[in-house]
$ cat coords-v5.cif   # mmCIF, C-alpha atoms
data_start
loop_
_atom_site.label_atom_id
_atom_site.label_comp_id
_atom_site.auth_asym_id
_atom_site.auth_seq_id
_atom_site.Cartn_x
_atom_site.Cartn_y
_atom_site.Cartn_z
CA MET F 26 -24.58 20.77 -31.19
CA ARG F 27 -23.97 24.14 -29.52
CA ILE F 28 -22.17 24.52 -26.21
CA SER F 29 -25.52 25.14 -24.47
CA VAL F 30 -26.81 21.73 -25.61
CA LEU F 31 -23.57 20.09 -24.53
CA SER F 32 -24.10 21.71 -21.13
CA ARG F 33 -27.73 20.58 -20.86
CA GLN F 34 -27.01 16.95 -21.78
CA THR F 35 -24.15 16.54 -19.34
CA GLY F 36 -25.18 18.81 -16.45
CA VAL F 37 -21.82 20.62 -16.80
CA PRO F 38 -22.14 24.45 -16.65
CA VAL F 39 -21.07 26.35 -19.80
CA ALA F 40 -18.38 28.21 -17.83
CA THR F 41 -16.86 24.87 -16.77
CA ILE F 42 -16.91 23.57 -20.35
CA LYS F 43 -15.06 26.74 -21.43
CA PHE F 44 -12.51 26.13 -18.69
CA TYR F 45 -11.89 22.56 -19.94
CA LEU F 46 -11.49 23.95 -23.50
CA ARG F 47 -8.92 26.50 -22.31
CA GLU F 48 -7.08 23.81 -20.33
CA GLY F 49 -6.95 21.58 -23.42
CA LEU F 50 -8.81 18.77 -21.65
CA LEU F 51 -11.62 19.07 -24.19
CA PRO F 52 -10.69 19.58 -27.89
CA ARG F 53 -12.02 22.73 -29.62
CA GLY F 54 -15.26 22.46 -31.62
CA THR F 55 -15.60 23.34 -35.31
CA PRO F 56 -15.99 27.15 -35.65
CA ILE F 57 -19.28 28.11 -37.31
CA SER F 58 -19.15 31.87 -36.68
CA ARG F 59 -16.86 34.32 -34.96
CA ASN F 60 -18.24 33.44 -31.50
CA GLN F 61 -19.74 30.00 -31.94
CA ALA F 62 -18.51 26.47 -32.45
CA GLU F 63 -20.21 23.19 -33.19
CA TYR F 64 -19.57 20.16 -30.96
CA GLY F 65 -20.14 16.48 -31.69
CA ASP F 66 -20.57 13.14 -29.96
CA LEU F 67 -16.84 12.88 -29.31
CA HIS F 68 -17.01 16.08 -27.27
CA LEU F 69 -20.04 14.77 -25.42
CA HIS F 70 -18.25 11.52 -24.58
CA ARG F 71 -15.04 13.28 -23.56
CA LEU F 72 -16.93 15.74 -21.35
CA ARG F 73 -18.81 12.90 -19.63
CA LEU F 74 -15.50 11.17 -19.05
CA ILE F 75 -13.88 14.27 -17.49
CA ARG F 76 -16.94 14.79 -15.34
CA ALA F 77 -17.00 11.20 -14.12
CA PHE F 78 -13.39 11.56 -12.99
CA THR F 79 -13.63 15.03 -11.43
CA ASN F 80 -17.16 15.20 -10.12
CA VAL F 81 -18.03 11.63 -9.21
CA ALA F 82 -14.59 10.26 -8.31
CA GLN F 83 -13.13 13.59 -7.09
CA LEU F 84 -9.86 13.17 -8.98
CA ASP F 85 -7.72 16.26 -9.59
CA LEU F 86 -7.12 17.65 -13.08
CA SER F 87 -3.53 16.41 -13.42
CA THR F 88 -4.72 12.84 -12.68
CA VAL F 89 -7.57 13.26 -15.17
CA ARG F 90 -5.10 14.41 -17.82
CA GLU F 91 -2.94 11.34 -17.17
CA LEU F 92 -5.92 8.97 -17.38
CA LEU F 93 -7.16 10.54 -20.63
CA ALA F 94 -3.69 10.26 -22.20
CA ALA F 95 -3.42 6.55 -21.29
CA ILE F 96 -6.94 5.81 -22.55
CA GLU F 97 -6.36 7.47 -25.91
CA ASP F 98 -2.90 6.08 -26.62
CA GLU F 99 -3.76 2.66 -28.02
CA ARG F 100 -0.10 1.65 -27.86
CA VAL F 101 -0.53 1.46 -24.08
CA PRO F 102 -1.50 -2.20 -23.47
CA LEU F 103 -4.52 -2.94 -21.24
CA ARG F 104 -2.38 -4.26 -18.39
CA ASP F 105 -0.45 -0.96 -18.35
CA LEU F 106 -3.67 1.05 -18.63
CA TYR F 107 -4.92 -0.67 -15.47
CA GLU F 108 -1.62 0.07 -13.78
CA VAL F 109 -2.01 3.78 -14.57
CA VAL F 110 -5.53 3.73 -13.11
CA ASN F 111 -4.50 1.84 -9.99
CA THR F 112 -1.64 4.26 -9.37
CA ALA F 113 -3.97 7.24 -9.89
CA LEU F 114 -6.47 5.86 -7.40
CA TYR F 115 -4.00 5.00 -4.65
CA PRO F 116 -3.36 8.16 -2.68
CA GLU F 117 0.39 8.61 -2.11
CA HIS F 118 1.60 6.48 0.77
CA ASN F 119 4.80 7.50 2.48
CA ALA F 120 6.34 4.88 4.78
CA ALA F 121 7.64 7.72 7.00
CA ASP F 122 4.01 8.38 7.99
CA ASP F 123 3.49 4.81 9.21
CA PRO F 124 2.46 4.43 12.86
CA ASP F 125 4.35 2.38 15.44
CA GLY F 126 4.10 -1.37 15.01
CA VAL F 127 3.41 -1.30 11.29
CA ASP F 128 6.23 -3.78 10.62
CA GLY F 129 4.53 -6.59 12.51
CA VAL F 130 1.26 -5.85 10.74
CA ARG F 131 3.06 -5.87 7.41
CA THR F 132 4.24 -9.42 8.08
CA ASP F 133 0.61 -10.43 8.74
CA VAL F 134 -0.54 -8.67 5.56
CA ASP F 135 2.11 -10.36 3.41
CA GLU F 136 1.12 -13.77 4.77
CA PHE F 137 -2.55 -12.95 4.16
CA LEU F 138 -1.85 -11.98 0.53
CA GLN F 139 0.18 -15.13 0.04
CA GLN F 140 -2.70 -17.26 1.29
CA LEU F 141 -5.00 -15.47 -1.15
CA GLY F 142 -2.51 -16.16 -3.94
CA TRP F 143 -2.53 -12.49 -4.94
CA GLN F 144 0.69 -11.43 -6.60
CA VAL F 145 0.68 -7.67 -6.31
CA ASP F 146 2.94 -4.64 -6.06
CA PRO F 147 4.33 -4.33 -2.48
CA LYS F 148 3.01 -0.74 -2.40
CA GLY F 149 -0.54 -2.08 -2.00
CA ALA F 150 0.54 -4.31 0.90
CA GLY F 151 2.26 -1.33 2.56
CA ARG F 152 -0.87 0.71 2.23
CA LEU F 153 -3.10 -2.04 3.64
CA ALA F 154 -0.68 -2.56 6.56
CA HIS F 155 -0.88 1.16 7.35
CA VAL F 156 -4.69 1.03 7.44
CA VAL F 157 -4.79 -2.15 9.54
CA ALA F 158 -2.18 -0.82 12.02
CA THR F 159 -4.19 2.40 12.39
CA LEU F 160 -7.41 0.45 12.96
CA ARG F 161 -5.78 -1.67 15.66
CA HIS F 162 -4.21 1.33 17.41
CA LEU F 163 -7.65 2.90 17.55
CA GLY F 164 -9.31 -0.08 19.20
CA CYS F 165 -10.65 -2.06 16.24
CA GLU F 166 -10.56 -5.77 17.06
CA CYS F 167 -9.74 -6.80 13.55
CA ASP F 168 -7.09 -9.47 12.90
CA MET F 169 -6.40 -10.57 9.34
CA ASP F 170 -9.22 -13.16 9.55
CA PHE F 171 -11.59 -10.22 9.73
CA PHE F 172 -10.43 -9.14 6.28
CA GLY F 173 -11.02 -12.53 4.64
CA SER F 174 -14.56 -11.55 3.69
CA TYR F 175 -13.27 -8.21 2.36
CA ALA F 176 -10.77 -9.95 0.10
CA ASP F 177 -13.44 -12.40 -1.00
CA ALA F 178 -15.87 -9.60 -1.90
CA ALA F 179 -13.09 -7.62 -3.61
CA GLU F 180 -12.11 -10.58 -5.78
CA ARG F 181 -15.65 -11.53 -6.76
CA LEU F 182 -16.51 -7.94 -7.73
CA ALA F 183 -13.24 -7.53 -9.65
CA ILE F 184 -13.97 -10.69 -11.66
CA GLN F 185 -17.49 -9.48 -12.44
CA GLU F 186 -16.04 -6.14 -13.54
CA LEU F 187 -13.27 -7.60 -15.71
CA ASP F 188 -15.76 -9.92 -17.40
CA LEU F 189 -17.29 -6.80 -19.00
CA LEU F 190 -13.96 -5.92 -20.61
CA LYS F 191 -13.51 -6.11 -24.39
CA PRO F 192 -9.79 -6.96 -24.67
CA GLU F 193 -9.38 -5.85 -28.31
CA GLY F 194 -11.60 -2.83 -27.88
CA THR F 195 -11.72 0.72 -29.24
CA VAL F 196 -10.74 3.85 -27.36
CA ALA F 197 -14.37 4.06 -26.15
CA ASP F 198 -14.05 0.51 -24.74
CA ARG F 199 -10.80 1.48 -23.01
CA ALA F 200 -12.54 4.53 -21.57
CA ALA F 201 -15.41 2.34 -20.34
CA ALA F 202 -12.93 0.00 -18.63
CA VAL F 203 -11.30 2.89 -16.76
CA VAL F 204 -14.66 4.43 -15.89
CA ARG F 205 -15.84 1.12 -14.42
CA THR F 206 -12.76 0.83 -12.22
CA VAL F 207 -13.16 4.38 -10.97
CA LEU F 208 -16.94 4.60 -10.64
CA LEU F 209 -17.71 1.12 -9.33
CA ASP F 210 -15.54 2.03 -6.32
CA VAL F 211 -17.86 4.97 -5.73
CA ALA F 212 -20.96 2.80 -6.28
CA LEU F 213 -19.70 0.25 -3.76
CA ALA F 214 -18.81 2.89 -1.17
CA THR F 215 -22.25 4.48 -1.64
CA MET F 216 -23.96 1.12 -1.13
CA ARG F 217 -21.86 0.45 1.99
CA ARG F 218 -23.10 3.80 3.36
CA MET F 219 -26.70 2.86 2.54
CA ALA F 220 -26.43 -0.67 3.97
CA GLN F 221 -24.98 0.76 7.18
CA GLU F 222 -27.67 3.44 7.41
CA HIS F 223 -30.37 0.79 6.97
CA LEU F 224 -28.85 -1.59 9.53
CA VAL F 225 -28.19 1.14 12.12
CA ALA F 226 -31.82 2.28 11.84
CA GLN F 227 -32.96 -1.36 12.33
CA ARG F 228 -30.76 -1.82 15.40
CA PHE F 229 -30.99 1.61 17.07
CA GLY F 230 -34.05 3.28 15.50
CA GLU F 231 -34.21 6.23 13.14
CA PRO F 232 -31.96 9.30 13.69
CA SER F 233 -33.45 11.89 16.10
CA GLU F 234 -35.99 14.29 14.63
CA HIS F 235 -34.07 17.35 15.75
CA ARG F 236 -31.08 16.71 13.52
CA MET H 152 5.83 11.91 26.82
CA ARG H 153 7.51 14.75 24.90
CA ILE H 154 6.28 15.96 21.53
CA SER H 155 9.18 14.11 19.84
CA VAL H 156 7.98 10.77 21.25
CA LEU H 157 4.41 11.57 20.20
CA SER H 158 5.78 12.21 16.72
CA ARG H 159 7.78 8.97 16.62
CA GLN H 160 4.93 6.76 17.79
CA THR H 161 2.42 8.13 15.31
CA GLY H 162 4.59 8.98 12.31
CA VAL H 163 3.23 12.55 12.43
CA PRO H 164 5.95 15.23 12.03
CA VAL H 165 6.44 17.59 15.00
CA ALA H 166 5.54 20.61 12.82
CA THR H 167 2.20 19.00 11.96
CA ILE H 168 1.50 18.24 15.63
CA LYS H 169 2.17 21.90 16.42
CA PHE H 170 -0.23 22.90 13.67
CA TYR H 171 -2.97 20.68 15.16
CA LEU H 172 -2.27 22.25 18.59
CA ARG H 173 -2.62 25.77 17.15
CA GLU H 174 -5.82 24.78 15.33
CA GLY H 175 -7.26 23.40 18.58
CA LEU H 176 -7.73 19.92 17.06
CA LEU H 177 -5.33 18.52 19.65
CA PRO H 178 -5.59 19.78 23.27
CA ARG H 179 -2.49 21.44 24.78
CA GLY H 180 -0.16 19.28 26.88
CA THR H 181 0.78 19.97 30.52
CA PRO H 182 3.55 22.62 30.59
CA ILE H 183 6.73 21.34 32.25
CA SER H 184 9.04 24.22 31.33
CA ARG H 185 8.82 27.45 29.38
CA ASN H 186 9.22 25.63 26.05
CA GLN H 187 8.15 22.08 26.77
CA ALA H 188 4.94 20.26 27.52
CA GLU H 189 4.13 16.72 28.54
CA TYR H 190 1.62 14.69 26.51
CA GLY H 191 -0.32 11.58 27.53
CA ASP H 192 -2.21 8.64 26.06
CA LEU H 193 -5.22 10.81 25.34
CA HIS H 194 -3.07 12.99 23.07
CA LEU H 195 -1.67 9.89 21.41
CA HIS H 196 -5.16 8.54 20.75
CA ARG H 197 -6.49 11.88 19.53
CA LEU H 198 -3.53 12.35 17.20
CA ARG H 199 -3.98 8.87 15.73
CA LEU H 200 -7.64 9.65 15.20
CA ILE H 201 -6.91 12.94 13.39
CA ARG H 202 -4.30 11.19 11.29
CA ALA H 203 -6.61 8.35 10.32
CA PHE H 204 -9.15 10.88 9.08
CA THR H 205 -6.77 13.23 7.29
CA ASN H 206 -4.01 10.98 6.06
CA VAL H 207 -5.69 7.65 5.42
CA ALA H 208 -9.21 8.79 4.53
CA GLN H 209 -8.17 12.17 3.05
CA LEU H 210 -10.90 14.11 4.87
CA ASP H 211 -10.52 17.87 5.20
CA LEU H 212 -9.98 19.57 8.57
CA SER H 213 -13.50 20.96 8.89
CA THR H 214 -14.93 17.45 8.44
CA VAL H 215 -12.43 16.10 10.98
CA ARG H 216 -13.50 18.76 13.47
CA GLU H 217 -17.14 17.79 12.98
CA LEU H 218 -16.41 14.08 13.44
CA LEU H 219 -14.35 14.70 16.60
CA ALA H 220 -17.13 16.85 18.09
CA ALA H 221 -19.76 14.15 17.43
CA ILE H 222 -17.54 11.39 18.85
CA GLU H 223 -16.82 13.28 22.06
CA ASP H 224 -20.32 14.53 22.77
CA GLU H 225 -21.85 11.47 24.44
CA ARG H 226 -25.30 13.05 24.25
CA VAL H 227 -25.19 12.36 20.51
CA PRO H 228 -26.82 8.91 20.19
CA LEU H 229 -25.06 6.24 18.10
CA ARG H 230 -27.61 6.41 15.29
CA ASP H 231 -26.96 10.16 14.97
CA LEU H 232 -23.21 9.63 15.19
CA TYR H 233 -23.44 7.27 12.20
CA GLU H 234 -25.54 9.85 10.38
CA VAL H 235 -22.82 12.47 10.92
CA VAL H 236 -20.20 10.06 9.55
CA ASN H 237 -22.29 9.07 6.55
CA THR H 238 -22.92 12.72 5.68
CA ALA H 239 -19.22 13.52 6.05
CA LEU H 240 -18.26 10.66 3.72
CA TYR H 241 -20.78 11.41 0.97
CA PRO H 242 -19.26 14.07 -1.25
CA GLU H 243 -21.84 16.81 -1.93
CA HIS H 244 -24.22 15.77 -4.68
CA ASN H 245 -26.04 18.50 -6.54
CA ALA H 246 -28.97 17.35 -8.69
CA ALA H 247 -28.18 20.20 -11.15
CA ASP H 248 -25.01 18.26 -12.09
CA ASP H 249 -26.97 15.15 -13.05
CA PRO H 250 -26.51 13.93 -16.61
CA ASP H 251 -29.35 13.41 -19.09
CA GLY H 252 -31.59 10.45 -18.39
CA VAL H 253 -30.91 10.32 -14.67
CA ASP H 254 -34.65 10.33 -13.89
CA GLY H 255 -35.22 6.96 -15.53
CA VAL H 256 -32.21 5.51 -13.73
CA ARG H 257 -33.50 6.92 -10.45
CA THR H 258 -36.73 4.94 -10.90
CA ASP H 259 -34.64 1.76 -11.39
CA VAL H 260 -32.54 2.58 -8.31
CA ASP H 261 -35.59 3.19 -6.12
CA GLU H 262 -37.07 -0.13 -7.21
CA PHE H 263 -33.74 -1.86 -6.57
CA LEU H 264 -33.55 -0.42 -3.03
CA GLN H 265 -37.14 -1.44 -2.37
CA GLN H 266 -36.35 -5.03 -3.39
CA LEU H 267 -33.37 -4.97 -1.02
CA GLY H 268 -35.66 -3.69 1.74
CA TRP H 269 -33.21 -0.86 2.49
CA GLN H 270 -34.93 2.16 3.97
CA VAL H 271 -32.48 4.98 3.41
CA ASP H 272 -32.25 8.71 2.87
CA PRO H 273 -33.21 9.59 -0.74
CA LYS H 274 -29.87 11.46 -1.03
CA GLY H 275 -28.05 8.11 -1.24
CA ALA H 276 -30.39 6.93 -4.00
CA GLY H 277 -29.83 10.18 -5.92
CA ARG H 278 -26.11 9.72 -5.66
CA LEU H 279 -26.23 6.09 -6.80
CA ALA H 280 -28.49 7.05 -9.74
CA HIS H 281 -25.95 9.69 -10.79
CA VAL H 282 -23.14 7.11 -10.77
CA VAL H 283 -25.17 4.48 -12.64
CA ALA H 284 -26.36 7.01 -15.28
CA THR H 285 -22.75 8.12 -15.81
CA LEU H 286 -21.57 4.51 -16.16
CA ARG H 287 -24.28 3.77 -18.75
CA HIS H 288 -23.57 6.93 -20.77
CA LEU H 289 -19.94 5.88 -20.92
CA GLY H 290 -20.67 2.43 -22.29
CA CYS H 291 -20.85 0.26 -19.17
CA GLU H 292 -23.35 -2.53 -19.73
CA CYS H 293 -24.54 -2.54 -16.16
CA ASP H 294 -28.26 -2.78 -15.40
CA MET H 295 -29.41 -2.93 -11.79
CA ASP H 296 -28.95 -6.73 -11.74
CA PHE H 297 -25.24 -6.06 -12.09
CA PHE H 298 -25.34 -4.25 -8.75
CA GLY H 299 -27.04 -7.08 -6.84
CA SER H 300 -23.68 -8.56 -5.88
CA TYR H 301 -22.45 -5.10 -4.83
CA ALA H 302 -25.44 -4.65 -2.52
CA ASP H 303 -24.98 -8.16 -1.18
CA ALA H 304 -21.29 -7.54 -0.39
CA ALA H 305 -22.07 -4.11 1.10
CA GLU H 306 -24.68 -5.57 3.44
CA ARG H 307 -22.57 -8.51 4.59
CA LEU H 308 -19.56 -6.29 5.30
CA ALA H 309 -21.74 -3.71 7.10
CA ILE H 310 -23.18 -6.45 9.35
CA GLN H 311 -19.69 -7.77 10.14
CA GLU H 312 -18.60 -4.22 10.95
CA LEU H 313 -21.59 -3.36 13.14
CA ASP H 314 -21.17 -6.62 15.06
CA LEU H 315 -17.94 -5.14 16.49
CA LEU H 316 -19.86 -2.19 17.94
CA LYS H 317 -20.22 -1.77 21.69
CA PRO H 318 -23.59 0.00 21.96
CA GLU H 319 -23.08 1.38 25.48
CA GLY H 320 -19.46 2.23 24.88
CA THR H 321 -17.04 4.92 26.01
CA VAL H 322 -15.79 7.80 23.88
CA ALA H 323 -12.94 5.50 22.77
CA ASP H 324 -15.51 2.94 21.60
CA ARG H 325 -17.39 5.65 19.72
CA ALA H 326 -14.13 6.73 18.11
CA ALA H 327 -13.41 3.11 17.12
CA ALA H 328 -16.86 2.82 15.51
CA VAL H 329 -16.27 5.94 13.41
CA VAL H 330 -12.75 4.86 12.50
CA ARG H 331 -14.03 1.49 11.32
CA THR H 332 -16.61 3.11 9.07
CA VAL H 333 -14.05 5.45 7.56
CA LEU H 334 -11.03 3.13 7.32
CA LEU H 335 -12.74 -0.09 6.29
CA ASP H 336 -13.88 1.78 3.17
CA VAL H 337 -10.22 2.47 2.42
CA ALA H 338 -9.26 -1.14 3.21
CA LEU H 339 -11.94 -2.44 0.84
CA ALA H 340 -10.97 -0.04 -1.95
CA THR H 341 -7.30 -1.05 -1.51
CA MET H 342 -8.19 -4.72 -1.73
CA ARG H 343 -10.30 -4.10 -4.85
CA ARG H 344 -7.23 -2.47 -6.44
CA MET H 345 -5.07 -5.44 -5.45
CA ALA H 346 -7.60 -8.04 -6.64
CA GLN H 347 -7.86 -6.25 -9.96
CA GLU H 348 -4.09 -5.98 -10.33
CA HIS H 349 -3.74 -9.71 -9.62
CA LEU H 350 -6.52 -10.70 -12.05
CA VAL H 351 -5.31 -8.38 -14.84
CA ALA H 352 -1.80 -9.87 -14.56
CA GLN H 353 -3.32 -13.38 -14.74
CA ARG H 354 -5.36 -12.52 -17.84
CA PHE H 355 -3.00 -10.19 -19.72
CA GLY H 356 0.45 -10.80 -18.22
CA GLU H 357 2.55 -8.50 -16.05
CA PRO H 358 2.80 -4.77 -16.90
CA SER H 359 5.53 -3.95 -19.46
CA GLU H 360 9.07 -3.72 -18.14
CA HIS H 361 9.58 -0.22 -19.53
CA ARG H 362 6.99 1.39 -17.26
#
$ encode --input "coords-v5.cif" --output "structure tokens"
Amino acid sequence: MRISVLSRQTGVPVATIKFYLREGLLPRGTPISRNQAEYGDLHLHRLRLIRAFTNVAQLDLSTVRELLAAIEDERVPLRDLYEVVNTALYPEHNAADDPDGVDGVRTDVDEFLQQLGWQVDPKGAGRLAHVVATLRHLGCECDMDFFGSYADAAERLAIQELDLLKPEGTVADRAAAVVRTVLLDVALATMRRMAQEHLVAQRFGEPSEHR
Amino acid sequence: MRISVLSRQTGVPVATIKFYLREGLLPRGTPISRNQAEYGDLHLHRLRLIRAFTNVAQLDLSTVRELLAAIEDERVPLRDLYEVVNTALYPEHNAADDPDGVDGVRTDVDEFLQQLGWQVDPKGAGRLAHVVATLRHLGCECDMDFFGSYADAAERLAIQELDLLKPEGTVADRAAAVVRTVLLDVALATMRRMAQEHLVAQRFGEPSEHR
């Protein structure tokens, strides 16, 4: 297919496709004349993948490059592939930025994780402690019990997601696994927004007309 | 308190506090000498609020400004305040970027939302349809049934969150409501990462030593 067809099927403007080609994120097509190249299903798939990461999940290009490399290198085992994704999705957390009182919260978080039986990298616990400390400082009455239902939902949805995984899969299956991790976060956040909008309208009426 | 104490209690560097002062995001302190000013609890609270939005939720300064204005203007009713937050948290979605076949998915999404009884802005449905179409193009076997548990979790967590709301609250209560909406998203995403990490290690072993 020509670049214009590639553009139409994906919703990605031609100029953006050319940018990805120049950046080496998308491999060159097969030249068919001095100014034209032919693209195939692999290009279509790769372009959709880039777009899911940049446009839907708002990841930056260096993260996208890293994800693509890990997906396509089949020597990277699945457990490591998931580690790459998890690292890419955690924004950097610097302990120097932690607010007052984060140490006490961290103790609570560690105990909470132990009760859940989750054995995870301490970086995640540090990040959660930062969020919980910030919430408490800003008047949220949320002790760790409050987060029990969050952990429960997180675990059930993660199981449902991992059950779709084909452990001995192709590169396309590995790509699908990464896409699910990235995009189901967005789907869940979108549904939280919608559920809240619906419930707020039920409790307080529709937003004012003038807005 | 001096600016150095403000910095220590919040984890925000003095240079960044000065930047927020220059940008008018943080009100000036009371001058106590030619080069020093005294700051109070209101500054502490405001700084924590800015930091929660920028550092934890990664919102840009213009969005932060908009959120702060809506929180502090008590003439803005709660339902409109939530609308401002929801709009700020939805990344822009342009229908021109939609992939092929999004129209059929949109029909499925509308039906799904109708079954849930959620009455929401069509923008949310458009955004969800974009995500679902992208997932399907990239090999995710997820029909709308798959998302039933997502909607269920989203609604239960939104109810739990809204139950903390004080409807006739002060500006601090309004701030807390916005902070919950923004930060509980981050908490949930963090816990999804941790649940996945834990489950992947259970199913496929720990990540390789060499990483």
$ resolve_selection --input "coords-v5.cif" --expression "the PyMOL selection byres ((chain F and resi 135) around 12)" --output "list in words"
Asp128, Gly129, Val130, Arg131, Thr132, Asp133, Val134, Glu136, Phe137, Leu138, Gln139, Gln140, Leu141, Gly142, Trp143, Gln144, Val145, Asp146, Pro147, Lys148, Gly149, Ala150, Gly151, Arg152, Leu153, Ala154 and Met169 of chain F
$ write_last_selection --input "coords-v5.cif" --atoms "C-alpha atoms" --output "short mmCIF file (atom, residue, chain, number, x, y, z; two decimals), keeping the file's coordinate frame"
data_model
loop_
_atom_site.label_atom_id
_atom_site.label_comp_id
_atom_site.auth_asym_id
_atom_site.auth_seq_id
_atom_site.Cartn_x
_atom_site.Cartn_y
_atom_site.Cartn_z
CA ASP F 128 6.23 -3.78 10.62
CA GLY F 129 4.53 -6.59 12.51
CA VAL F 130 1.26 -5.85 10.74
CA ARG F 131 3.06 -5.87 7.41
CA THR F 132 4.24 -9.42 8.08
CA ASP F 133 0.61 -10.43 8.74
CA VAL F 134 -0.54 -8.67 5.56
CA GLU F 136 1.12 -13.77 4.77
CA PHE F 137 -2.55 -12.95 4.16
CA LEU F 138 -1.85 -11.98 0.53
CA GLN F 139 0.18 -15.13 0.04
CA GLN F 140 -2.70 -17.26 1.29
CA LEU F 141 -5.00 -15.47 -1.15
CA GLY F 142 -2.51 -16.16 -3.94
CA TRP F 143 -2.53 -12.49 -4.94
CA GLN F 144 0.69 -11.43 -6.60
CA VAL F 145 0.68 -7.67 -6.31
CA ASP F 146 2.94 -4.64 -6.06
CA PRO F 147 4.33 -4.33 -2.48
CA LYS F 148 3.01 -0.74 -2.40
CA GLY F 149 -0.54 -2.08 -2.00
CA ALA F 150 0.54 -4.31 0.90
CA GLY F 151 2.26 -1.33 2.56
CA ARG F 152 -0.87 0.71 2.23
CA LEU F 153 -3.10 -2.04 3.64
CA ALA F 154 -0.68 -2.56 6.56
CA MET F 169 -6.40 -10.57 9.34
#
$ closest_residue --input "coords-v5.cif" --among "F:Val196, F:Ser29, F:Glu99, F:Val37" --to "chain H" --atoms "all atoms listed in the file"
F:Val37
$ resolve_selection --input "coords-v5.cif" --expression "the PyMOL selection byres ((chain H and resi 171) around 12)" --output "VMD selection string"
chain H and resid 163 to 170 172 to 179 194 197 to 202 205 212 215 to 216
$ resolve_selection --input "coords-v5.cif" --expression "the PyMOL selection byres ((chain H and resi 208) around 9)" --output "list in words"
Arg202, Ala203, Phe204, Thr205, Asn206, Val207, Gln209, Leu210, Val333, Leu334, Asp336 and Val337 of chain H
$ closest_residue --input "coords-v5.cif" --among "F:Leu224, F:Thr88, F:Asn111, F:Gln185" --to "Phe298 (chain H)" --atoms "all atoms listed in the file"
F:Gln185
$ residues_around --input "coords-v5.cif" --residues "Cys293 (chain H)" --least-positions-apart "4" --cutoff "12 Å" --atoms "only C-alpha atoms" --output "PDB file with C-alpha atoms, in the frame of the given file"
ATOM      1  CA  GLN F 185     -17.490  -9.480 -12.440  1.00  0.00           C
ATOM      2  CA  GLU F 186     -16.040  -6.140 -13.540  1.00  0.00           C
ATOM      3  CA  ASP F 188     -15.760  -9.920 -17.400  1.00  0.00           C
ATOM      4  CA  LEU F 189     -17.290  -6.800 -19.000  1.00  0.00           C
ATOM      5  CA  LEU F 190     -13.960  -5.920 -20.610  1.00  0.00           C
ATOM      6  CA  ALA F 201     -15.410   2.340 -20.340  1.00  0.00           C
ATOM      7  CA  ARG F 205     -15.840   1.120 -14.420  1.00  0.00           C
ATOM      8  CA  LEU F 208     -16.940   4.600 -10.640  1.00  0.00           C
ATOM      9  CA  LEU F 209     -17.710   1.120  -9.330  1.00  0.00           C
ATOM     10  CA  ALA F 212     -20.960   2.800  -6.280  1.00  0.00           C
TER      11      ALA F 212
ATOM     12  CA  VAL H 256     -32.210   5.510 -13.730  1.00  0.00           C
ATOM     13  CA  ASP H 259     -34.640   1.760 -11.390  1.00  0.00           C
ATOM     14  CA  VAL H 282     -23.140   7.110 -10.770  1.00  0.00           C
ATOM     15  CA  VAL H 283     -25.170   4.480 -12.640  1.00  0.00           C
ATOM     16  CA  ALA H 284     -26.360   7.010 -15.280  1.00  0.00           C
ATOM     17  CA  THR H 285     -22.750   8.120 -15.810  1.00  0.00           C
ATOM     18  CA  LEU H 286     -21.570   4.510 -16.160  1.00  0.00           C
ATOM     19  CA  ARG H 287     -24.280   3.770 -18.750  1.00  0.00           C
ATOM     20  CA  HIS H 288     -23.570   6.930 -20.770  1.00  0.00           C
ATOM     21  CA  LEU H 289     -19.940   5.880 -20.920  1.00  0.00           C
ATOM     22  CA  PHE H 297     -25.240  -6.060 -12.090  1.00  0.00           C
ATOM     23  CA  PHE H 298     -25.340  -4.250  -8.750  1.00  0.00           C
ATOM     24  CA  GLY H 299     -27.040  -7.080  -6.840  1.00  0.00           C
ATOM     25  CA  SER H 300     -23.680  -8.560  -5.880  1.00  0.00           C
ATOM     26  CA  TYR H 301     -22.450  -5.100  -4.830  1.00  0.00           C
TER      27      TYR H 301
END
$ atom_distance --input "coords-v5.cif" --atom1 "CA of Arg100 (chain F)" --atom2 "CA of Thr112 (chain F)"
18.7 Å
$ closest_residue --input "coords-v5.cif" --among "H:Asp303, H:Gly180, H:Asp231, H:Asn245" --to "chain F" --atoms "only C-alpha atoms"
H:Asp231
$ atom_distance --input "coords-v5.cif" --atom1 "CA of Val227 (chain H)" --atom2 "CA of Ala305 (chain H)"
25.6 Å
$ atom_distance --input "coords-v5.cif" --atom1 "CA of Gly164 (chain F)" --atom2 "CA of Lys317 (chain H)"
11.3 Å
$ closest_residue --input "coords-v5.cif" --among "H:Arg185, H:His244, H:Arg230, H:Arg325" --to "chain F" --atoms "all atoms listed in the file"
H:Arg230
$ closest_residue --input "coords-v5.cif" --among "H:Ala188, H:Thr161, H:Ser213, H:Pro182" --to "chain F" --atoms "all atoms listed in the file"
H:Thr161
$ decode --input "coords-v5.cif" --residues "region 138-149 of chain F" --atoms "C-alpha atoms" --output "compact mmCIF listing (two decimals), in the first residue's frame"
# COMPACT_ATOMS: atom_id res chain seq x y z
CA LEU F 138 1.90 -5.14 50.65
CA GLN F 139 2.98 -7.92 52.97
CA GLN F 140 -0.63 -8.63 53.90
CA LEU F 141 -1.49 -8.77 50.20
CA GLY F 142 1.39 -11.19 49.67
CA TRP F 143 2.74 -9.05 46.82
CA GLN F 144 6.46 -9.42 46.37
CA VAL F 145 7.46 -6.37 44.38
CA ASP F 146 10.32 -3.99 43.73
CA PRO F 147 10.63 -1.48 46.64
CA LYS F 148 10.45 1.35 44.06
CA GLY F 149 6.71 0.71 43.66
